$ cat model.csv   # CSV, C-alpha atoms and all ligand atoms
chain,number,residue,atom,x,y,z
A,29,MET,CA,68.5,108.8,97.8
A,30,LYS,CA,68.5,108.8,101.6
A,31,ILE,CA,68.4,105.8,103.8
A,32,PRO,CA,68.7,105.4,107.5
A,33,PHE,CA,72.0,104.2,108.9
A,34,ASN,CA,72.6,103.0,112.5
A,35,ILE,CA,76.1,104.3,113.3
A,36,ASN,CA,77.5,104.1,116.8
A,37,SER,CA,74.0,103.5,118.3
A,38,ARG,CA,72.5,106.6,116.6
A,39,VAL,CA,70.2,106.3,113.6
A,40,ILE,CA,70.6,109.0,111.0
A,41,ASP,CA,69.4,109.4,107.4
A,42,LEU,CA,72.3,109.8,105.0
A,43,GLU,CA,72.4,110.6,101.3
A,44,LEU,CA,74.1,108.0,99.0
A,45,LYS,CA,74.4,107.0,95.4
A,46,PRO,CA,73.2,103.5,94.4
A,47,ASN,CA,76.7,102.1,93.8
A,48,GLU,CA,78.5,103.9,96.7
A,49,THR,CA,80.5,102.0,99.2
A,50,LEU,CA,79.9,102.2,103.0
A,51,LEU,CA,83.4,103.7,103.3
A,52,SER,CA,82.6,106.5,101.0
A,53,VAL,CA,79.3,107.3,102.7
A,54,LEU,CA,80.9,107.3,106.1
A,55,ARG,CA,83.8,109.5,105.1
A,56,ASN,CA,81.5,111.9,103.2
A,57,ASN,CA,79.5,112.3,106.4
A,58,ASP,CA,82.4,113.2,108.7
A,59,TYR,CA,83.1,109.7,110.0
A,60,THR,CA,86.7,110.3,109.0
A,61,GLU,CA,88.0,108.1,111.8
A,62,VAL,CA,87.3,105.3,109.2
A,63,LYS,CA,90.4,105.5,107.0
A,64,CYS,CA,90.8,104.9,103.3
A,65,GLY,CA,94.0,103.1,102.5
A,66,CYS,CA,93.9,100.8,99.5
A,67,ASN,CA,90.2,101.0,98.7
A,68,GLU,CA,90.6,97.4,97.5
A,69,GLY,CA,90.0,95.3,100.6
A,70,GLU,CA,93.7,94.7,101.3
A,71,CYS,CA,94.8,96.9,104.2
A,72,GLY,CA,92.1,97.0,106.9
A,73,ALA,CA,92.3,100.7,107.3
A,74,CYS,CA,88.6,101.0,106.7
A,75,LEU,CA,87.5,98.3,109.1
A,76,VAL,CA,84.2,98.8,110.9
A,77,LEU,CA,82.0,96.4,112.8
A,78,LEU,CA,78.8,95.5,111.0
A,79,ASN,CA,76.4,93.7,113.3
A,80,ASP,CA,79.4,93.1,115.5
A,81,LYS,CA,81.5,91.5,112.8
A,82,PRO,CA,84.6,93.3,111.4
A,83,VAL,CA,84.3,94.1,107.7
A,84,ASN,CA,86.3,96.2,105.3
A,85,SER,CA,83.9,99.0,104.6
A,86,CYS,CA,85.4,99.7,101.2
A,87,GLN,CA,84.1,96.4,100.1
A,88,VAL,CA,80.5,96.9,101.3
A,89,LEU,CA,77.8,98.4,99.2
A,90,ALA,CA,76.3,101.1,101.5
A,91,MET,CA,72.7,100.2,100.4
A,92,SER,CA,73.2,96.8,101.8
A,93,VAL,CA,73.6,97.9,105.4
A,94,ARG,CA,70.1,99.1,106.0
A,95,ASP,CA,68.9,97.8,109.3
A,96,LYS,CA,72.4,96.7,110.4
A,97,LYS,CA,74.4,98.2,113.2
A,98,ILE,CA,77.6,99.9,112.2
A,99,LYS,CA,80.3,100.7,114.7
A,100,THR,CA,83.4,102.8,114.0
A,101,VAL,CA,86.3,103.1,116.3
A,102,LYS,CA,84.7,106.2,117.9
A,103,GLY,CA,81.9,103.9,118.9
A,104,ILE,CA,84.4,102.0,120.9
A,105,GLY,CA,86.3,104.9,122.5
A,106,THR,CA,87.3,108.4,121.8
A,107,ILE,CA,90.3,110.6,122.7
A,108,HIS,CA,88.4,111.9,125.7
A,109,LEU,CA,87.0,108.6,126.8
A,110,PRO,CA,89.4,105.9,125.4
A,111,HIS,CA,88.6,102.2,125.6
A,112,LEU,CA,91.1,100.1,127.5
A,113,ILE,CA,92.3,98.7,124.2
A,114,GLN,CA,93.2,102.2,123.0
A,115,LYS,CA,95.0,102.9,126.3
A,116,ALA,CA,97.0,99.6,125.8
A,117,PHE,CA,98.0,100.6,122.3
A,118,VAL,CA,99.4,103.9,123.6
A,119,GLU,CA,101.1,102.3,126.6
A,120,ALA,CA,102.7,99.6,124.4
A,121,GLY,CA,103.9,102.2,121.8
A,122,ALA,CA,101.9,100.3,119.2
A,123,ASP,CA,100.8,103.4,117.3
A,124,GLN,CA,103.1,105.8,115.4
A,125,CYS,CA,101.5,107.8,112.6
A,126,GLY,CA,98.2,106.3,113.8
A,127,PHE,CA,96.7,105.7,110.3
A,128,CYS,CA,96.2,102.0,110.8
A,129,SER,CA,95.1,102.4,114.4
A,130,PRO,CA,91.3,102.7,113.9
A,131,GLY,CA,91.3,99.4,112.0
A,132,MET,CA,93.7,97.8,114.4
A,133,ILE,CA,91.5,98.8,117.4
A,134,ILE,CA,88.3,97.4,115.6
A,135,ALA,CA,90.1,94.2,114.9
A,136,SER,CA,91.5,94.0,118.5
A,137,TYR,CA,88.0,94.6,119.9
A,138,SER,CA,86.7,91.8,117.9
A,139,ILE,CA,89.5,89.4,118.9
A,140,LEU,CA,88.9,90.1,122.6
A,141,LYS,CA,85.2,89.7,122.3
A,142,GLU,CA,85.4,86.5,120.4
A,143,THR,CA,87.9,85.0,122.8
A,144,ASP,CA,86.3,86.3,126.0
A,145,ASN,CA,89.4,88.4,126.6
A,146,LYS,CA,91.7,85.4,126.6
A,147,PRO,CA,93.2,85.3,123.1
A,148,THR,CA,96.3,83.2,122.4
A,149,LYS,CA,99.1,84.8,120.4
A,150,GLU,CA,97.9,82.9,117.4
A,151,ASP,CA,94.3,84.2,117.9
A,152,ILE,CA,95.7,87.7,117.9
A,153,LYS,CA,97.9,87.2,114.8
A,154,ARG,CA,95.0,85.6,113.0
A,155,GLY,CA,92.6,88.3,114.1
A,156,LEU,CA,95.0,91.1,112.9
A,157,ASP,CA,95.7,89.4,109.6
A,158,GLY,CA,94.5,91.8,106.9
A,159,ASN,CA,95.4,94.9,108.9
A,160,LEU,CA,98.5,96.5,107.5
A,161,CYS,CA,100.8,98.9,109.3
A,162,ARG,CA,103.5,100.9,107.4
A,163,CYS,CA,105.2,102.3,110.6
A,164,THR,CA,105.6,99.6,113.2
A,165,GLY,CA,106.7,96.1,113.2
A,166,TYR,CA,103.7,94.1,114.4
A,167,VAL,CA,105.4,93.0,117.6
A,168,LYS,CA,104.2,96.0,119.7
A,169,ILE,CA,100.7,95.7,118.2
A,170,VAL,CA,100.5,92.1,119.3
A,171,GLU,CA,101.8,93.1,122.7
A,172,ALA,CA,99.2,95.8,123.0
A,173,VAL,CA,96.4,93.3,122.4
A,174,GLU,CA,97.9,91.0,124.9
A,175,LYS,CA,98.1,93.8,127.4
A,176,ALA,CA,94.5,94.8,126.7
A,177,ALA,CA,93.4,91.3,127.2
A,178,THR,CA,95.2,91.0,130.5
A,179,LEU,CA,93.8,94.3,131.7
A,180,SER,CA,90.3,93.4,130.5
A,181,ALA,CA,90.4,90.1,132.3
A,182,GLU,CA,91.6,91.7,135.5
A,183,ALA,CA,89.6,94.9,135.6
A,184,LYS,CA,86.2,95.3,137.1
A,185,THR,CA,85.2,98.4,135.2
A,186,PRO,CA,82.4,98.2,132.5
A,187,GLU,CA,84.7,99.7,129.9
A,188,ALA,CA,86.9,96.6,130.1
A,189,VAL,CA,84.1,94.2,129.1
A,190,CYS,CA,84.1,93.6,125.4
A,191,SER,CA,80.5,92.6,125.3
A,192,ASP,CA,79.0,96.0,125.6
A,193,MET,CA,77.7,96.2,122.0
A,201,LIG,S1,90.7,100.8,102.4
A,201,LIG,FE1,89.4,99.1,102.7
A,201,LIG,S2,90.8,97.5,103.0
A,201,LIG,FE2,92.1,99.1,102.5
A,202,LIG,S1,101.1,103.4,112.9
A,202,LIG,FE1,101.4,104.2,110.9
A,202,LIG,S2,100.5,102.8,109.6
A,202,LIG,FE2,100.4,101.9,111.5
$ encode --input "model.csv" --output "structure tokens"
Amino acid sequence: MKIPFNINSRVIDLELKPNETLLSVLRNNDYTEVKCGCNEGECGACLVLLNDKPVNSCQVLAMSVRDKKIKTVKGIGTIHLPHLIQKAFVEAGADQCGFCSPGMIIASYSILKETDNKPTKEDIKRGLDGNLCRCTGYVKIVEAVEKAATLSAEAKTPEAVCSDM
């Protein structure tokens, strides 16, 4: 069957099976920026925003997201037009293989939005809880979010404002 999905502000009809997960439908339709790590809700690699809230897409039945807004990391920023958070991750050296980065960026975006760009270290650690990284210690990732928060609070450009969804 086909149902409409609102992905990154674009509505498209996608084919799905009744028991298919959102992660599976996204990846089968070239949204491969959403990663599949554990497929069990444990690693955060498949994180997307669903009506502005971060969810593990491997744990969401695709049929249940009709009429909801889905945002993947590419809806936040791309390699050609990176979001300030993505720039901060690169500058802080917080990405290595990059597999966890899409989920980390989604989680970071949510942290900044929920704290009005003024998260405490505890807010950051709590917000990143559930996002696993096999390459880095988490120190640089936390530093990257702190850096993004500082830049977002200081900058006057629209891309810095985490309320643009
Ligand atoms: S793939 Fe969904 S949480 Fe790991
Ligand atoms: S940078 Fe490789 S898993 Fe996080």
$ closest_residue --input "model.csv" --among "A:Asn57, A:Thr100, A:Thr178, A:Asn36" --to "A:Leu140" --atoms "only C-alpha atoms"
A:Thr178
$ closest_residue --input "model.csv" --among "A:Gly121, A:Gly126, A:Gly65, A:Gly103" --to "ligand LIG 202 (chain A)" --atoms "all atoms listed in the file"
A:Gly126
$ residues_near_ligand --input "model.csv" --ligand "ligand LIG 202 (chain A)" --cutoff "6 Å" --atoms "all atoms listed in the file" --output "VMD selection string"
chain A and resid 123 to 128 161 to 164
$ write_last_selection --input "model.csv" --atoms "C-alpha atoms" --output "CSV table (one decimal), in the frame of the given file"
chain,number,residue,atom,x,y,z
A,123,ASP,CA,100.8,103.4,117.3
A,124,GLN,CA,103.1,105.8,115.4
A,125,CYS,CA,101.5,107.8,112.6
A,126,GLY,CA,98.2,106.3,113.8
A,127,PHE,CA,96.7,105.7,110.3
A,128,CYS,CA,96.2,102.0,110.8
A,161,CYS,CA,100.8,98.9,109.3
A,162,ARG,CA,103.5,100.9,107.4
A,163,CYS,CA,105.2,102.3,110.6
A,164,THR,CA,105.6,99.6,113.2
$ closest_atom_pairs --input "model.csv" --of "chain A" --to "ligand LIG 201 (chain A)" --cutoff "7 Å" --atoms "only C-alpha atoms and all ligand atoms" --output "JSON lines"
{"residue": "A:Lys63", "atom": "CA", "partner": "A:LIG201", "partner_atom": "S1", "distance": 6.6}
{"residue": "A:Cys64", "atom": "CA", "partner": "A:LIG201", "partner_atom": "S1", "distance": 4.2}
{"residue": "A:Gly65", "atom": "CA", "partner": "A:LIG201", "partner_atom": "S1", "distance": 4.0}
{"residue": "A:Cys66", "atom": "CA", "partner": "A:LIG201", "partner_atom": "FE2", "distance": 3.9}
{"residue": "A:Asn67", "atom": "CA", "partner": "A:LIG201", "partner_atom": "S1", "distance": 3.7}
{"residue": "A:Glu68", "atom": "CA", "partner": "A:LIG201", "partner_atom": "FE2", "distance": 5.5}
{"residue": "A:Gly69", "atom": "CA", "partner": "A:LIG201", "partner_atom": "S2", "distance": 3.4}
{"residue": "A:Glu70", "atom": "CA", "partner": "A:LIG201", "partner_atom": "S2", "distance": 4.4}
{"residue": "A:Cys71", "atom": "CA", "partner": "A:LIG201", "partner_atom": "FE2", "distance": 3.9}
{"residue": "A:Gly72", "atom": "CA", "partner": "A:LIG201", "partner_atom": "S2", "distance": 4.1}
{"residue": "A:Ala73", "atom": "CA", "partner": "A:LIG201", "partner_atom": "FE2", "distance": 5.1}
{"residue": "A:Cys74", "atom": "CA", "partner": "A:LIG201", "partner_atom": "FE1", "distance": 4.5}
{"residue": "A:Leu75", "atom": "CA", "partner": "A:LIG201", "partner_atom": "FE1", "distance": 6.7}
{"residue": "A:Asn84", "atom": "CA", "partner": "A:LIG201", "partner_atom": "FE1", "distance": 5.0}
{"residue": "A:Ser85", "atom": "CA", "partner": "A:LIG201", "partner_atom": "FE1", "distance": 5.8}
{"residue": "A:Cys86", "atom": "CA", "partner": "A:LIG201", "partner_atom": "FE1", "distance": 4.3}
{"residue": "A:Gln87", "atom": "CA", "partner": "A:LIG201", "partner_atom": "FE1", "distance": 6.5}
$ write_last_selection --input "model.csv" --atoms "C-alpha atoms" --output "CSV table (one decimal), in the frame of the given file"
chain,number,residue,atom,x,y,z
A,63,LYS,CA,90.4,105.5,107.0
A,64,CYS,CA,90.8,104.9,103.3
A,65,GLY,CA,94.0,103.1,102.5
A,66,CYS,CA,93.9,100.8,99.5
A,67,ASN,CA,90.2,101.0,98.7
A,68,GLU,CA,90.6,97.4,97.5
A,69,GLY,CA,90.0,95.3,100.6
A,70,GLU,CA,93.7,94.7,101.3
A,71,CYS,CA,94.8,96.9,104.2
A,72,GLY,CA,92.1,97.0,106.9
A,73,ALA,CA,92.3,100.7,107.3
A,74,CYS,CA,88.6,101.0,106.7
A,75,LEU,CA,87.5,98.3,109.1
A,84,ASN,CA,86.3,96.2,105.3
A,85,SER,CA,83.9,99.0,104.6
A,86,CYS,CA,85.4,99.7,101.2
A,87,GLN,CA,84.1,96.4,100.1
$ closest_residue --input "model.csv" --among "A:Asn159, A:Ile107, A:Thr49, A:Glu119" --to "A:Val88" --atoms "all atoms listed in the file"
A:Thr49
$ atom_distance --input "model.csv" --atom1 "atom CA of A:Asp157" --atom2 "atom CA of A:Leu51"
19.9 Å
$ atom_distance --input "model.csv" --atom1 "atom CA of A:Ser138" --atom2 "atom CA of A:Ala122"
17.5 Å
